[in-house]
Structures are given as C-alpha cells and as structure tokens.
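To be precise, the following lines are start25.cif, and they hold mmCIF, C-alpha atoms and all ligand atoms.
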data_query
#
loop_
_atom_site.label_atom_id
_atom_site.label_comp_id
_atom_site.auth_asym_id
_atom_site.auth_seq_id
_atom_site.Cartn_x
_atom_site.Cartn_y
_atom_site.Cartn_z
CA MET A 1 22.60 31.46 7.27
CA LYS A 2 22.64 27.77 8.18
CA ILE A 3 24.89 25.66 5.99
CA ASN A 4 26.05 23.31 8.73
CA ASN A 5 25.60 19.60 8.15
CA LYS A 6 25.00 20.23 4.45
CA HIS A 7 27.03 18.31 1.90
CA LEU A 8 28.85 20.01 -0.98
CA LEU A 9 28.36 17.67 -3.92
CA THR A 10 27.57 20.21 -6.64
CA LEU A 11 26.78 23.93 -6.59
CA LEU A 12 23.38 23.01 -8.02
CA ASP A 13 22.41 22.27 -4.40
CA TYR A 14 23.46 25.74 -3.18
CA SER A 15 21.49 28.96 -3.40
CA PRO A 16 23.18 32.17 -4.60
CA GLU A 17 22.96 33.43 -1.00
CA GLU A 18 24.73 30.32 0.33
CA ILE A 19 27.47 30.68 -2.30
CA SER A 20 27.88 34.36 -1.38
CA THR A 21 28.09 33.40 2.29
CA LEU A 22 30.86 30.89 1.55
CA LEU A 23 32.78 33.47 -0.47
CA SER A 24 32.49 36.10 2.29
CA LEU A 25 33.59 33.56 4.87
CA ALA A 26 36.58 32.57 2.68
CA LYS A 27 37.54 36.24 2.41
CA GLN A 28 37.40 36.61 6.19
CA LEU A 29 39.39 33.41 6.83
CA LYS A 30 42.01 34.51 4.29
CA LYS A 31 42.37 37.87 6.05
CA GLU A 32 42.66 36.20 9.45
CA LYS A 33 45.33 33.81 8.19
CA LYS A 34 47.35 36.67 6.66
CA GLU A 35 47.12 38.55 9.97
CA GLY A 36 48.22 35.50 11.94
CA ILE A 37 44.85 35.18 13.69
CA SER A 38 44.26 31.54 14.57
CA HIS A 39 40.84 30.02 13.89
CA GLN A 40 41.10 26.57 15.48
CA VAL A 41 37.37 26.23 15.98
CA LEU A 42 37.17 22.53 15.11
CA LYS A 43 39.74 21.16 17.57
CA GLY A 44 39.32 17.47 18.23
CA LYS A 45 37.32 16.80 15.05
CA ASN A 46 38.58 14.25 12.51
CA ILE A 47 38.17 14.31 8.74
CA VAL A 48 39.16 11.83 6.04
CA LEU A 49 40.25 12.64 2.50
CA LEU A 50 39.56 9.94 -0.09
CA PHE A 51 41.50 10.34 -3.33
CA GLU A 52 40.94 7.85 -6.15
CA LYS A 53 42.61 10.34 -8.53
CA ASP A 54 45.82 12.36 -8.09
CA SER A 55 45.87 15.87 -6.67
CA THR A 56 48.22 18.61 -5.50
CA ARG A 57 45.99 21.64 -4.78
CA THR A 58 42.82 19.95 -3.53
CA ARG A 59 44.59 17.53 -1.24
CA CYS A 60 46.91 20.17 0.21
CA ALA A 61 44.08 22.69 0.58
CA PHE A 62 41.94 20.19 2.52
CA GLU A 63 44.89 19.14 4.68
CA VAL A 64 46.10 22.66 5.52
CA ALA A 65 42.52 23.92 5.98
CA GLY A 66 41.88 21.01 8.36
CA TYR A 67 45.02 21.74 10.37
CA ASP A 68 44.33 25.49 10.43
CA LEU A 69 40.90 24.71 11.89
CA GLY A 70 42.52 22.50 14.54
CA MET A 71 41.39 19.17 13.11
CA ASN A 72 43.10 15.82 12.57
CA VAL A 73 43.29 14.76 8.92
CA THR A 74 43.58 11.24 7.45
CA TYR A 75 44.50 10.77 3.77
CA ILE A 76 43.53 7.63 1.83
CA GLY A 77 44.88 7.30 -1.72
CA SER A 78 43.87 5.15 -4.66
CA SER A 79 45.37 2.05 -3.09
CA GLY A 80 45.63 0.87 0.49
CA SER A 81 41.98 0.81 1.51
CA GLN A 82 39.19 -1.68 0.90
CA MET A 83 36.93 0.92 -0.71
CA GLY A 84 35.33 -0.14 -3.98
CA LYS A 85 37.41 -3.35 -4.16
CA LYS A 86 36.46 -5.60 -1.26
CA GLU A 87 33.94 -3.20 0.24
CA SER A 88 31.08 -1.31 -1.38
CA ILE A 89 30.88 2.47 -1.24
CA LYS A 90 27.73 2.16 0.84
CA ASP A 91 29.50 0.04 3.48
CA THR A 92 32.60 2.27 3.40
CA ALA A 93 30.40 5.32 3.94
CA ARG A 94 28.81 3.78 7.02
CA VAL A 95 32.19 2.79 8.48
CA LEU A 96 33.84 6.15 7.86
CA GLY A 97 30.80 7.98 9.20
CA ARG A 98 31.30 6.19 12.55
CA MET A 99 34.88 7.41 12.83
CA PHE A 100 35.08 10.76 11.10
CA ASP A 101 33.22 14.07 11.34
CA GLY A 102 33.55 14.88 7.63
CA ILE A 103 34.56 13.16 4.38
CA GLU A 104 36.17 14.57 1.23
CA TYR A 105 36.04 12.51 -1.95
CA ARG A 106 37.87 12.89 -5.27
CA GLY A 107 37.31 10.29 -7.94
CA PHE A 108 35.40 9.27 -11.01
CA LYS A 109 31.67 9.00 -10.55
CA GLN A 110 29.38 11.66 -9.14
CA GLU A 111 27.24 8.73 -7.87
CA THR A 112 30.10 7.70 -5.55
CA VAL A 113 30.21 11.03 -3.73
CA GLU A 114 26.40 11.00 -3.61
CA CYS A 115 26.45 7.52 -2.06
CA LEU A 116 28.98 8.62 0.58
CA ALA A 117 26.71 11.55 1.39
CA LYS A 118 23.62 9.37 1.58
CA TYR A 119 25.05 6.75 3.93
CA SER A 120 27.82 8.30 6.04
CA GLY A 121 25.73 10.62 8.23
CA VAL A 122 28.43 13.33 8.17
CA PRO A 123 29.14 16.26 5.79
CA VAL A 124 30.66 15.08 2.49
CA TRP A 125 32.61 17.39 0.15
CA ASN A 126 33.21 16.78 -3.54
CA GLY A 127 36.90 17.32 -4.30
CA LEU A 128 36.29 16.58 -8.04
CA THR A 129 34.43 13.95 -9.96
CA ASP A 130 34.20 13.53 -13.74
CA LYS A 131 31.07 15.67 -13.60
CA PHE A 132 31.66 18.48 -11.10
CA HIS A 133 34.44 20.37 -9.27
CA PRO A 134 32.49 22.70 -6.95
CA THR A 135 35.30 23.75 -4.60
CA GLN A 136 37.32 24.93 -7.60
CA ILE A 137 34.53 27.26 -8.69
CA LEU A 138 34.42 28.84 -5.24
CA ALA A 139 38.16 29.58 -5.48
CA ASP A 140 37.73 30.99 -8.98
CA PHE A 141 34.84 33.20 -7.91
CA LEU A 142 36.78 34.50 -4.90
CA THR A 143 39.66 35.34 -7.25
CA ILE A 144 37.32 37.09 -9.68
CA GLN A 145 35.82 39.11 -6.82
CA GLU A 146 39.31 40.14 -5.71
CA TYR A 147 40.14 41.48 -9.17
CA LYS A 148 36.76 42.55 -10.55
CA GLY A 149 34.41 43.06 -7.62
CA ASP A 150 30.78 41.99 -7.90
CA LEU A 151 30.23 38.79 -9.89
CA LYS A 152 26.81 39.74 -11.21
CA GLY A 153 26.81 40.65 -14.89
CA LEU A 154 30.54 39.99 -15.41
CA LYS A 155 31.38 38.57 -18.82
CA PHE A 156 33.08 35.20 -18.44
CA ALA A 157 34.33 32.99 -21.31
CA TYR A 158 35.27 29.37 -20.79
CA LEU A 159 37.15 27.78 -23.69
CA GLY A 160 37.66 24.07 -24.17
CA ASP A 161 36.03 20.84 -23.10
CA GLY A 162 32.66 21.95 -21.80
CA ARG A 163 31.13 18.63 -20.83
CA TYR A 164 33.59 17.66 -18.12
CA ASN A 165 33.91 18.78 -14.47
CA MET A 166 35.22 22.32 -15.08
CA GLY A 167 32.97 23.26 -17.99
CA ASN A 168 29.89 21.93 -16.21
CA SER A 169 30.78 23.61 -12.94
CA TYR A 170 31.60 27.02 -14.45
CA MET A 171 28.22 26.94 -16.16
CA VAL A 172 26.39 26.00 -12.96
CA GLY A 173 28.27 28.58 -10.86
CA SER A 174 27.72 31.32 -13.44
CA ALA A 175 24.01 30.55 -13.67
CA LYS A 176 23.71 30.70 -9.88
CA MET A 177 25.64 33.96 -9.49
CA GLY A 178 24.17 35.88 -12.42
CA LEU A 179 27.17 36.04 -14.75
CA ASP A 180 27.16 36.59 -18.51
CA PHE A 181 28.68 33.19 -19.27
CA ARG A 182 29.97 32.03 -22.63
CA MET A 183 30.82 28.40 -23.36
CA VAL A 184 33.23 28.61 -26.29
CA GLY A 185 34.12 25.35 -28.01
CA PRO A 186 32.94 22.70 -30.45
CA LYS A 187 29.31 21.64 -30.10
CA GLU A 188 30.22 18.04 -29.40
CA LEU A 189 32.02 19.15 -26.24
CA TRP A 190 29.26 21.34 -24.80
CA PRO A 191 27.59 20.27 -21.54
CA SER A 192 24.71 17.79 -21.79
CA LYS A 193 21.34 19.12 -22.93
CA GLU A 194 19.85 18.17 -19.57
CA LEU A 195 22.38 20.18 -17.55
CA ARG A 196 22.16 23.12 -19.95
CA GLU A 197 18.39 23.21 -19.57
CA GLN A 198 18.70 23.00 -15.79
CA CYS A 199 21.11 25.97 -15.83
CA GLU A 200 18.92 27.99 -18.22
CA LYS A 201 16.11 27.63 -15.67
CA ILE A 202 18.37 28.85 -12.86
CA ALA A 203 19.60 31.71 -15.07
CA LYS A 204 16.02 32.96 -15.46
CA THR A 205 15.82 33.45 -11.70
CA THR A 206 19.24 35.08 -11.23
CA GLY A 207 19.58 37.26 -14.33
CA ALA A 208 22.47 35.16 -15.66
CA LYS A 209 22.99 34.91 -19.40
CA LEU A 210 24.27 31.67 -20.93
CA THR A 211 25.70 31.61 -24.46
CA PHE A 212 26.99 28.55 -26.28
CA THR A 213 29.11 29.23 -29.31
CA GLU A 214 31.68 27.64 -31.57
CA ASN A 215 32.86 31.10 -32.61
CA VAL A 216 35.88 32.39 -30.66
CA ASP A 217 35.41 36.04 -31.68
CA GLU A 218 31.79 36.06 -30.57
CA GLY A 219 32.52 34.21 -27.32
CA VAL A 220 35.53 36.18 -26.14
CA LYS A 221 34.59 39.69 -27.32
CA ASP A 222 34.98 42.17 -24.43
CA VAL A 223 34.92 39.57 -21.67
CA ASP A 224 36.26 40.31 -18.17
CA VAL A 225 37.47 36.77 -17.52
CA VAL A 226 38.96 34.10 -19.80
CA ALA A 227 39.22 30.56 -18.42
CA THR A 228 40.27 27.23 -19.81
CA ASP A 229 41.15 23.71 -18.62
CA VAL A 230 43.22 20.77 -19.84
CA TRP A 231 41.99 19.19 -23.07
CA VAL A 232 42.19 15.66 -21.68
CA SER A 233 41.09 15.10 -18.10
CA MET A 234 42.18 12.60 -15.47
CA GLY A 235 40.68 9.20 -16.13
CA GLU A 236 40.38 9.69 -19.91
CA PRO A 237 42.48 7.35 -22.08
CA ASP A 238 45.57 8.66 -23.91
CA SER A 239 43.92 7.61 -27.16
CA VAL A 240 41.65 10.68 -27.06
CA TRP A 241 44.54 13.18 -27.39
CA LYS A 242 44.60 13.18 -31.21
CA GLU A 243 40.89 13.82 -31.65
CA ARG A 244 40.79 16.34 -28.77
CA ILE A 245 43.68 18.38 -30.23
CA GLU A 246 41.89 18.47 -33.58
CA LEU A 247 38.68 19.66 -31.92
CA LEU A 248 40.20 22.18 -29.53
CA LYS A 249 43.30 23.68 -31.14
CA LYS A 250 41.42 26.70 -32.42
CA TYR A 251 40.23 27.38 -28.87
CA GLN A 252 43.75 27.60 -27.42
CA VAL A 253 44.13 30.63 -25.15
CA ASN A 254 46.97 32.58 -26.79
CA SER A 255 47.81 36.29 -27.04
CA LEU A 256 45.64 36.80 -30.14
CA LEU A 257 42.65 35.34 -28.31
CA MET A 258 43.36 37.44 -25.19
CA SER A 259 43.50 40.58 -27.35
CA LYS A 260 39.80 40.08 -28.17
CA ALA A 261 38.84 40.22 -24.47
CA LYS A 262 38.77 43.43 -22.42
CA LYS A 263 42.21 45.02 -22.02
CA ASP A 264 42.16 44.31 -18.29
CA ALA A 265 40.64 40.82 -18.55
CA ILE A 266 42.08 38.21 -16.21
CA PHE A 267 43.09 34.67 -17.16
CA LEU A 268 42.07 31.72 -14.97
CA HIS A 269 43.07 28.05 -15.05
CA CYS A 270 42.32 25.53 -12.30
CA LEU A 271 45.74 23.90 -12.89
CA PRO A 272 47.61 21.70 -13.55
CA SER A 273 48.19 23.15 -17.02
CA PHE A 274 50.13 22.22 -20.15
CA HIS A 275 51.72 25.50 -21.22
CA ASN A 276 55.29 24.42 -21.99
CA LEU A 277 57.48 21.34 -22.24
CA GLU A 278 58.35 21.08 -18.55
CA THR A 279 55.99 18.17 -17.88
CA LYS A 280 56.20 14.53 -18.91
CA ILE A 281 52.84 14.60 -20.69
CA GLY A 282 53.55 18.01 -22.27
CA MET A 283 56.76 16.57 -23.73
CA GLU A 284 55.04 13.40 -24.99
CA VAL A 285 52.33 15.45 -26.73
CA TYR A 286 54.99 17.72 -28.25
CA GLU A 287 56.92 14.73 -29.63
CA LYS A 288 53.74 13.29 -31.15
CA TYR A 289 51.86 16.38 -32.32
CA GLY A 290 54.47 19.19 -32.34
CA LEU A 291 52.54 21.54 -30.03
CA ASN A 292 54.59 23.18 -27.26
CA GLY A 293 51.63 24.71 -25.45
CA LEU A 294 48.21 23.12 -25.39
CA GLU A 295 45.14 24.77 -23.85
CA VAL A 296 47.16 27.94 -23.06
CA THR A 297 50.44 29.30 -24.40
CA GLU A 298 53.43 30.05 -22.19
CA ASP A 299 53.24 33.84 -22.77
CA VAL A 300 49.61 34.05 -21.58
CA PHE A 301 50.19 31.69 -18.64
CA GLU A 302 53.18 33.73 -17.47
CA GLY A 303 51.74 37.08 -18.59
CA LYS A 304 50.35 40.00 -16.57
CA GLN A 305 46.71 38.99 -17.02
CA SER A 306 47.25 35.53 -15.54
CA VAL A 307 46.09 35.18 -11.92
CA VAL A 308 46.37 31.42 -11.73
CA PHE A 309 48.48 31.33 -8.58
CA ASP A 310 46.10 33.60 -6.68
CA GLU A 311 43.41 31.20 -7.83
CA ALA A 312 45.45 28.21 -6.57
CA GLU A 313 45.99 29.88 -3.18
CA ASN A 314 42.29 30.59 -2.93
CA ARG A 315 41.61 26.85 -3.01
CA LEU A 316 42.82 26.84 0.60
CA HIS A 317 40.67 29.71 1.83
CA THR A 318 37.50 28.59 0.04
CA ILE A 319 37.86 24.94 1.06
CA LYS A 320 38.41 26.10 4.63
CA ALA A 321 35.20 28.13 4.36
CA VAL A 322 33.32 25.04 3.13
CA ILE A 323 34.58 22.89 6.01
CA TYR A 324 33.89 25.68 8.51
CA ALA A 325 30.38 26.45 7.25
CA THR A 326 29.30 22.82 7.03
CA MET A 327 30.81 21.70 10.34
CA VAL A 328 30.67 24.57 12.82
CA ASN A 329 27.42 24.68 14.76
CA ASP A 330 26.69 28.20 15.84
N1 LIG A 401 42.77 22.32 -9.55
C1 LIG A 401 42.88 21.15 -8.91
O1 LIG A 401 41.90 20.52 -8.53
O2 LIG A 401 44.16 20.74 -8.76
P1 LIG A 401 44.65 19.34 -8.18
O3 LIG A 401 44.32 18.31 -9.23
O4 LIG A 401 46.13 19.51 -7.99
O5 LIG A 401 43.92 19.07 -6.91
N1 LIG A 402 39.34 18.64 -15.92
C1 LIG A 402 40.52 18.39 -15.12
C2 LIG A 402 40.52 19.23 -13.89
C3 LIG A 402 41.72 19.03 -13.00
C4 LIG A 402 41.69 19.83 -11.74
C5 LIG A 402 40.57 16.92 -14.79
O1 LIG A 402 39.53 16.36 -14.42
O2 LIG A 402 41.65 16.33 -14.90
#
Please, can you express the file's structure as structure tokens?
Amino acid sequence: MKINNKHLLTLLDYSPEEISTLLSLAKQLKKEKKEGISHQVLKGKNIVLLFEKDSTRTRCAFEVAGYDLGMNVTYIGSSGSQMGKKESIKDTARVLGRMFDGIEYRGFKQETVECLAKYSGVPVWNGLTDKFHPTQILADFLTIQEYKGDLKGLKFAYLGDGRYNMGNSYMVGSAKMGLDFRMVGPKELWPSKELREQCEKIAKTTGAKLTFTENVDEGVKDVDVVATDVWVSMGEPDSVWKERIELLKKYQVNSLLMSKAKKDAIFLHCLPSFHNLETKIGMEVYEKYGLNGLEVTEDVFEGKQSVVFDEAENRLHTIKAVIYATMVND
C-alpha cells in the first residue's frame, strides 16, 4: 500500500486499510527495536519539528524515531524562529520545504498544519492541534490491539471534553476502524455537529457504532476500554477551570466508574494527567477547588487496568511507522 508522500493531518484523510497498515508497521518496528535490529533506512534525510506548544512524548517520539531511522532532526520551539511573527506560515512552509524532507507541527490551529502541508512540498505530520491529535490515536490503537486484539466491534468509552483534539480524534479513529464508540460527557462538550455527521457517515461504511450520552452508566456499561483526557487543554485560559470542573466532575474516571466496565477493561490516557498533587497545576487546582485527582483518580491511574505507559511507549513506534510509511519510497 502506498502511503509515501502523504501528509498526516487528521485520520479523516486515511482509509481503514491505511490505518491498519500503519499499525502493522508500528508493530514490526517495535519488534525490531526490541530485538536490536537496526532500521536506519532514512540515512541522510533531515526533518524539522515545530512546536508552538509544549510536549514531552510527541517531541521525544519524533526525535528518537528520526534517529532510529538514521535521520537528522532539528527542533524549533515556540520562540527562536520567525514563524508566524515576522514570517507567514505560507512563507515558512516554502523555506522549510527547501531544506527538510519532512515537517512535524504541534500548535493551535488545524489551518496552520494544513498550510504547511499545502506549501512545503514535503510530508507534514500533525503532532497535535486544538482540533486533532492523529499520532496519539495510532499509539492508543496499537496499545488496544496488544491487549484486546482486533479493534473491530470493541466497546470504547471516552469520558470528558469531547470537542477538543482527543475527543474528536477518538471519534474519527473509532469510526474508521469499526469500534463501538461512546462519547460520555455533557452535551455542550460533545464534538461539533459537522464532525459528528461526518463520522456517522464513515461509521455506516465500516460498521462502527457511535453513541453520545450524558449518562455514565449507559456509556461505560461493559466496555473493553475506558479513556479520558485532561479537562483543560493546552492553550485554554485558566479561567475555564471552574466551569470545566463543574461540567466534568461526574465523569471522573474512578474505581466506581471502572467497576461498570468489563472486569478486564483497560484504562487509557494520552498523558500528561492530573491524578495526584505532584504537579504544579494539580496543586493549584487542589488549593482552589479541593480536588486531589481530576480526570482520573490516583488508584485507577496506578491500578492494574491502567496501560498508560505502554500507550506512551507506543507513541515512539507508531510515529516511527508514520515517518517510515510517508517517507520511504519502495
Ligand atoms: N500525549 C502527548 O501528546 O503528550 P505530550 O504533550 O507530552 O507530547
Ligand atoms: N487535550 C490535551 C492533549 C495533550 C496531549 C491538550 O491539548 O492539552
């Protein structure tokens, strides 16, 4: 299957077969890495990572994947380049496209990553925008496959803010891969009507089922996978915390909620996560609102059903698969 020279801006642009190919490739690359088999097939190529927002996993996964494939990697953070300040995205895209063989972008607007893709002339990968986080979904799906096997028909509940990058992307990925997906949260935080309708159409062709509910019992009953995300995302103002806590506190993933899922359900979180008081923001929220775990409690996060660090590791293998598939000409 030919994926080379294709951008990865959103999984909406990928067929179920292409997603399956990426997941199989990730599995193979993971095995090779564990066995010490080198796969430096992109020696001499150069890629640039543009980060307007912070990152641990995505940045490190792109860097290590790049090095494992034999490439040279340049990192540009939120300051220190001309991009978006003295130089338009369109001009930046054309400059970077003359120097690099691939571009990763993490930032705010989906339009920015689309503009880079349109004008750079090289593969562009979305490392998270406000709207989508496609590489995260690939890592989550690889993790689910490792624990549960075939994705098709699996019952998957996402709890929390559904209209941001993770909620949107889980819905898109589930529609593409035929899952029984439940968006569990307050109506005002469900994905946009337009995106929901687009996913319903896809679901009709793949056998996926999409449910939107405010009712935790209905949403989580007998699911194989429970997932959540932070209640306030990067780029949102601190002033939304109060309202968001009010809206989402009954959707916190705690042991009572997990007991409604299947006994052997797994828990996923893209991370970073607020599950105790060991972070600056976690402590600030505790002092203001008295909650010492937010979207997930410490016992669930640290419990047997939690596979969040496998999921984090799989960022590396899936991102490597994306770079490999979009850049290697075979
Ligand atoms: N999950 C994820 O994207 O993590 P980072 O923000 O650390 O990249
Ligand atoms: N929704 C989160 C995901 C972080 C990986 C955010 O955008 O901050």
Would you compute the box with edges along x, y and z of the file around ligand LIG 401 (chain A), including every atom the file lists for it and 8 Å extra on each side, and give its centre and edge lengths in Å to one decimal, as AutoDock Vina command-line options?
--center_x 44.0 --center_y 20.3 --center_z -8.2 --size_x 20.2 --size_y 20.0 --size_z 18.6
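Counting all atoms listed in the file, the residue from A:Leu159, A:Val285, A:Leu189, A:Leu268 that sits nearest to Gln252 of chain A is A:Leu159.
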Please provide as an mmCIF file with C-alpha atoms, in the frame of the given file all residues within 12 Å of Asp91 of chain A, with the sequence filter that same-chain residues fewer than 6 positions apart are discarded (counting all atoms listed in the file).
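Written output follows (result37.cif):
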data_model
loop_
_atom_site.group_PDB
_atom_site.id
_atom_site.type_symbol
_atom_site.label_atom_id
_atom_site.label_comp_id
_atom_site.auth_asym_id
_atom_site.auth_seq_id
_atom_site.Cartn_x
_atom_site.Cartn_y
_atom_site.Cartn_z
ATOM 1 C CA GLN A 82 39.190 -1.680 0.900
ATOM 2 C CA MET A 83 36.930 0.920 -0.710
ATOM 3 C CA GLY A 84 35.330 -0.140 -3.980
ATOM 4 C CA LYS A 85 37.410 -3.350 -4.160
ATOM 5 C CA GLY A 97 30.800 7.980 9.200
ATOM 6 C CA ARG A 98 31.300 6.190 12.550
ATOM 7 C CA THR A 112 30.100 7.700 -5.550
ATOM 8 C CA CYS A 115 26.450 7.520 -2.060
ATOM 9 C CA LEU A 116 28.980 8.620 0.580
ATOM 10 C CA LYS A 118 23.620 9.370 1.580
ATOM 11 C CA TYR A 119 25.050 6.750 3.930
ATOM 12 C CA SER A 120 27.820 8.300 6.040
#
inquiry  = Would you pick out the contacts of segment 50-62 of chain A at 7 Å or less, using only C-alpha atoms, so that residues sharing its chain but fewer than 6 positions from it are not included, and give the list as a ChimeraX atom specification?
reply    = /A:75-78,104-107,127,312,315-316,319
Dump as a Markdown table the rows for residues of chain A within 12 Å of ligand LIG 402 (chain A): closest atom pair and distance in Å with one decimal, all atoms listed in the file counted, ordered by chain and rising residue number.
| residue | atom | partner | partner_atom | distance |
| --- | --- | --- | --- | --- |
| A:Glu52 | CA | A:LIG402 | O1 | 11.9 |
| A:Lys53 | CA | A:LIG402 | O2 | 8.8 |
| A:Asp54 | CA | A:LIG402 | O2 | 8.9 |
| A:Ser55 | CA | A:LIG402 | C4 | 7.7 |
| A:Thr56 | CA | A:LIG402 | C4 | 9.1 |
| A:Arg57 | CA | A:LIG402 | C4 | 8.4 |
| A:Thr58 | CA | A:LIG402 | C4 | 8.3 |
| A:Arg59 | CA | A:LIG402 | C4 | 11.1 |
| A:Arg106 | CA | A:LIG402 | O1 | 9.9 |
| A:Gly107 | CA | A:LIG402 | O1 | 9.2 |
| A:Phe108 | CA | A:LIG402 | O1 | 8.9 |
| A:Lys109 | CA | A:LIG402 | O1 | 11.4 |
| A:Gly127 | CA | A:LIG402 | C4 | 9.2 |
| A:Leu128 | CA | A:LIG402 | O1 | 7.2 |
| A:Thr129 | CA | A:LIG402 | O1 | 7.2 |
| A:Asp130 | CA | A:LIG402 | O1 | 6.1 |
| A:Lys131 | CA | A:LIG402 | O1 | 8.5 |
| A:Phe132 | CA | A:LIG402 | O1 | 8.8 |
| A:His133 | CA | A:LIG402 | C4 | 7.7 |
| A:Pro134 | CA | A:LIG402 | C4 | 10.8 |
| A:Thr135 | CA | A:LIG402 | C4 | 10.4 |
| A:Gln136 | CA | A:LIG402 | C4 | 7.9 |
| A:Ile137 | CA | A:LIG402 | C4 | 10.8 |
| A:Gly160 | CA | A:LIG402 | N1 | 10.0 |
| A:Asp161 | CA | A:LIG402 | N1 | 8.2 |
| A:Gly162 | CA | A:LIG402 | N1 | 9.5 |
| A:Arg163 | CA | A:LIG402 | N1 | 9.6 |
| A:Tyr164 | CA | A:LIG402 | N1 | 6.2 |
| A:Asn165 | CA | A:LIG402 | N1 | 5.6 |
| A:Met166 | CA | A:LIG402 | N1 | 5.6 |
| A:Gly167 | CA | A:LIG402 | N1 | 8.1 |
| A:Asn168 | CA | A:LIG402 | N1 | 10.0 |
| A:Ser169 | CA | A:LIG402 | N1 | 10.3 |
| A:Tyr170 | CA | A:LIG402 | N1 | 11.5 |
| A:Thr228 | CA | A:LIG402 | N1 | 9.5 |
| A:Asp229 | CA | A:LIG402 | N1 | 6.0 |
| A:Val230 | CA | A:LIG402 | N1 | 5.9 |
| A:Trp231 | CA | A:LIG402 | N1 | 7.6 |
| A:Val232 | CA | A:LIG402 | O2 | 6.8 |
| A:Ser233 | CA | A:LIG402 | O2 | 3.5 |
| A:Met234 | CA | A:LIG402 | O2 | 3.8 |
| A:Gly235 | CA | A:LIG402 | O2 | 7.3 |
| A:Glu236 | CA | A:LIG402 | O2 | 8.4 |
| A:Pro237 | CA | A:LIG402 | O2 | 11.5 |
| A:His269 | CA | A:LIG402 | C4 | 9.0 |
| A:Cys270 | CA | A:LIG402 | C4 | 5.8 |
| A:Leu271 | CA | A:LIG402 | C4 | 5.9 |
| A:Pro272 | CA | A:LIG402 | C4 | 6.5 |
| A:Ser273 | CA | A:LIG402 | C3 | 8.7 |
| A:Phe274 | CA | A:LIG402 | C3 | 11.5 |
| A:Glu295 | CA | A:LIG402 | N1 | 11.6 |
| A:Ala312 | CA | A:LIG402 | C4 | 10.5 |
| A:Arg315 | CA | A:LIG402 | C4 | 11.2 |
